Amino acid sequence: MTGKRMLRWISIALIGALALLACVSAFMESDKNGGNIVIPEISYITKYEIPENDAMDFLKKMGIGWNLGNTFDANNDSWGKNREMDLETAWVGVKTTEELIKTVHAAGFDTIRIPVSWHNHVDMLFNITPEWLDRVQEVVDYAINDGMYVILNTHHDVYSKYYYPTSEHYDTAHRYITTIWKQLTERFKDYDERLIFESMNEPRMKDTSYEWSFNASSPECLDSADCINKLNQAFVDVVRASGGNNADRYLMVPAYCASPENALSDYFTLPTDSADNKIIVSVHAYTPYPFALQDGGDKTFELTNIGQTAEINRFMNSLYKKFIVNGIPVVIGEFGARAKGDNLQSRVNFAAYYCVNASARNIPCVWWDNHAFKGNGELFGVIDRAKCEIVYPEIVEALVKYGGYDAVPEKK
């Protein structure tokens with residue numbers, strides 16, 4: 001997540017603008033007059049029609065999610081094997097405790113995504129260090145035992161020595177993905193469906209001009225998209241062949257750099273699967289980009305700003321129409337809005353609007369929390385892990401209030 005630059009979505013849709021202005025005008029006036037932080041009442045967004053199948057019911061149970069970011073995904077290639085267990089705290093300075101996971105769940109989050117970088121914890125044959133795998137499993141168990149849904153993935157491993165999605169590096173990438181997932185599926189094969197596997201995090205041509213900007217006229221991009229499809233298929237094949245509950249476990253797969261636009265393109269294909277409708281499309285969307293992620297971008301997000309809200313509506317509508325309407329599940333595995341000075345009310349507005357729109361389309365979303373609160377960087381933290389305290393209860397309240405299909409107002 002750190003340092004990424006997601007695509008900006010552009011739209012001029014004006015549907016519902018007058019209703020939006022009427023519903024939020026009183027709230028916005030209160031905010032301008034320096035009142036307390038307010039959780040907006042968004043009653044004008046109602047539930048979309050959702051197909052009836054097991055996958056759609058599964059998404060409803062996932063509710064709102066939270067990322068244990070910058071923790072097991074932390075990496076430092078200059079560190080030797082004697083320090084690899086310290087990587088858990090290298091970026092956040094805090095070791096994950098069972099109390100923290102209970103705090104996250106008690107706050108209203110039903111799903112936790114646990115990003116893991118494995119490449120600092122493997123030998124030359126990609127065998128995972130037992131101590132590292134044991135520790136990851138320990139934290140997975142904290143969440144599973146507390147009744148949460150868990151997404152486990154491979155994260156910052158996009159290097160030529162591991163998985164780099166180009167034909168030139170495909171053989172190594174295939175060997176890495178299949179070897180890692182053979183070990184993970186063996187370790188977790190008896191876990192129930194609340195454990196979800198995610199093949200890769202934002203697979204892309206790292207450190208190139210195409211890293212965050214897919215170009216369909218570029219042979220390099222088309223080659224990379226094809227490699228990602230093949231790696232996703234290899235991942236599914238390994239999981240299904242591993243026995244136990246992996247035979248019909250829900251699996252998440254991304255398109256190029258996990259962007260919604262690339263998932264919607266014809267260059268992304270869902271893997272074939274022996275299980276029935278158990279593939280979840282994985283996307284990340286820090287949208288609108290100038291507010292949510294861009295350094296020096298917009299500080300405010302107003303519910304009356306159609307230019308901002310329409311960007312959210314646009315990509316969610318597209319995902320709904322291509323996947324959800326056809327009964328194919330989608331999860332937004334990362335989203336959020338970084339702190340930019342004194343803009344808490346805008347972040348609350350964003351959290352509420354984003355979540356209610358995703359929930360209305362039965363698309364669970366998972367807030368990116370990197371435990372960063374101070375400075376000028378990507379400040380997405382909402383929970384202090386050392387104290388097990390919620391730093392921004394208003395953001396969490398907005399997320400929980402509008403997170404999940406059942407939280408969306410019924411049509412009247």
# chains A, B, ... in the order shown; residues from 1 in each chain; ligands from 1
>>> closest_atom_pairs(of="stretch 301-336 of chain A", to="stretch 189-208 of chain A", cutoff="12 Å", atoms="only C-alpha atoms", output="Markdown table")
| residue | atom | partner | partner_atom | distance |
| --- | --- | --- | --- | --- |
| A:Val331 | CA | A:Glu198 | CA | 10.7 |
| A:Gly333 | CA | A:Asn201 | CA | 9.4 |
| A:Glu334 | CA | A:Asn201 | CA | 10.1 |
>>> write_last_selection(atoms="N, CA and C atoms", output="mmCIF file, in the first residue's frame")
data_model
loop_
_atom_site.group_PDB
_atom_site.id
_atom_site.type_symbol
_atom_site.label_atom_id
_atom_site.label_comp_id
_atom_site.auth_asym_id
_atom_site.auth_seq_id
_atom_site.Cartn_x
_atom_site.Cartn_y
_atom_site.Cartn_z
ATOM 1 N N VAL A 331 -15.261 -7.887 -3.565
ATOM 2 C CA VAL A 331 -14.853 -7.291 -2.292
ATOM 3 C C VAL A 331 -13.854 -6.174 -2.575
ATOM 4 N N GLY A 333 -11.009 -4.755 -1.152
ATOM 5 C CA GLY A 333 -10.090 -5.179 -0.103
ATOM 6 C C GLY A 333 -9.299 -4.062 0.526
ATOM 7 N N GLU A 334 -9.206 -2.914 -0.154
ATOM 8 C CA GLU A 334 -8.554 -1.734 0.420
ATOM 9 C C GLU A 334 -9.289 -0.483 -0.038
#
>>> closest_atom_pairs(of="stretch 195-299 of chain A", to="stretch 305-319 of chain A", cutoff="7 Å", atoms="only C-alpha atoms", output="CSV")
residue,atom,partner,partner_atom,distance
A:Pro260,CA,A:Phe315,CA,6.9
A:Thr287,CA,A:Ile312,CA,6.3
A:Pro288,CA,A:Gln308,CA,6.1
>>> residues_around(residues="stretch 96-113 of chain A", least_positions_apart="2", cutoff="6 Å", atoms="only C-alpha atoms", output="PyMOL selection string")
chain A and resi 62-67+142+148-151+388+400
>>> select_by_dssp(residues="stretch 217-311 of chain A", states="helix (DSSP H, G or I)", output="count of residues only")
45
>>> residues_around(residues="stretch 72-80 of chain A", least_positions_apart="2", cutoff="12 Å", atoms="only C-alpha atoms", output="number ranges by chain")
A: 1-2, 67-70, 82-96, 113-123, 132-133, 135-137, 139-140, 152-159, 201, 370
>>> closest_residue(among="A:Lys230, A:Pro290, A:Arg249, A:Ala360", to="A:Thr272", atoms="only C-alpha atoms")
A:Lys230
>>> select_by_dssp(residues="stretch 352-397 of chain A", states="strand (DSSP E)", output="list of chain:residue names")
A:Cys365, A:Val366, A:Trp367, A:Ile383, A:Asp384, A:Glu389, A:Ile390
>>> closest_residue(among="A:Glu49, A:Glu168, A:Asp237, A:Glu220", to="A:Lys182", atoms="only C-alpha atoms")
A:Asp237
>>> atom_distance(atom1="atom CA of A:Glu394", atom2="atom CA of A:Val348")
6.5 Å
>>> residues_around(residues="A:Ala258", least_positions_apart="5", cutoff="7 Å", atoms="only C-alpha atoms", output="list in words")
Glu202, Ser282, Val283 and His284 of chain A
>>> atom_distance(atom1="atom CA of A:Asp266", atom2="atom CA of A:His174")
22.5 Å
>>> residues_around(residues="A:Ile279", least_positions_apart="4", cutoff="8 Å", atoms="only C-alpha atoms", output="PyMOL selection string")
chain A and resi 250-253+270-271+273+328-329
>>> atom_distance(atom1="atom CA of A:Trp368", atom2="atom CA of A:Ala337")
8.7 Å
>>> residues_around(residues="A:Arg240", least_positions_apart="4", cutoff="10 Å", atoms="only C-alpha atoms", output="ChimeraX atom specification")
/A:185,235-236,244-249,273-275
>>> write_last_selection(atoms="N, CA and C atoms", output="tab-separated table (two decimals), in the first residue's frame")
chain	number	residue	atom	x	y	z
A	185	THR	N	-2.15	-23.68	2.04
A	185	THR	CA	-3.36	-24.50	1.98
A	185	THR	C	-3.23	-25.74	2.86
A	235	PHE	N	-3.14	-20.38	-8.83
A	235	PHE	CA	-3.52	-20.27	-7.41
A	235	PHE	C	-4.78	-21.08	-7.13
A	236	VAL	N	-5.81	-20.91	-7.93
A	236	VAL	CA	-7.06	-21.64	-7.73
A	236	VAL	C	-6.82	-23.14	-7.83
A	244	GLY	N	-9.28	-31.09	2.15
A	244	GLY	CA	-9.93	-30.44	3.29
A	244	GLY	C	-11.00	-29.45	2.83
A	245	ASN	N	-11.17	-28.39	3.60
A	245	ASN	CA	-12.17	-27.37	3.26
A	245	ASN	C	-11.74	-26.46	2.12
A	246	ASN	N	-10.52	-26.67	1.63
A	246	ASN	CA	-10.06	-25.86	0.50
A	246	ASN	C	-10.78	-26.21	-0.80
A	247	ALA	N	-11.47	-27.32	-0.81
A	247	ALA	CA	-12.16	-27.75	-2.02
A	247	ALA	C	-13.22	-26.75	-2.45
A	248	ASP	N	-13.84	-26.06	-1.49
A	248	ASP	CA	-14.86	-25.07	-1.86
A	248	ASP	C	-14.74	-23.78	-1.06
A	249	ARG	N	-13.52	-23.45	-0.66
A	249	ARG	CA	-13.27	-22.19	0.06
A	249	ARG	C	-13.45	-21.01	-0.89
A	273	ASP	N	-13.07	-22.92	-12.23
A	273	ASP	CA	-13.05	-23.41	-10.85
A	273	ASP	C	-13.93	-24.64	-10.73
A	274	SER	N	-13.47	-25.62	-9.98
A	274	SER	CA	-14.27	-26.81	-9.73
A	274	SER	C	-15.37	-26.54	-8.71
A	275	ALA	N	-15.21	-25.51	-7.89
A	275	ALA	CA	-16.25	-25.12	-6.94
A	275	ALA	C	-17.23	-24.17	-7.62
>>> closest_residue(among="A:Tyr286, A:Ile128, A:Asn349, A:Gly296", to="A:Trp367", atoms="only C-alpha atoms")
A:Tyr286
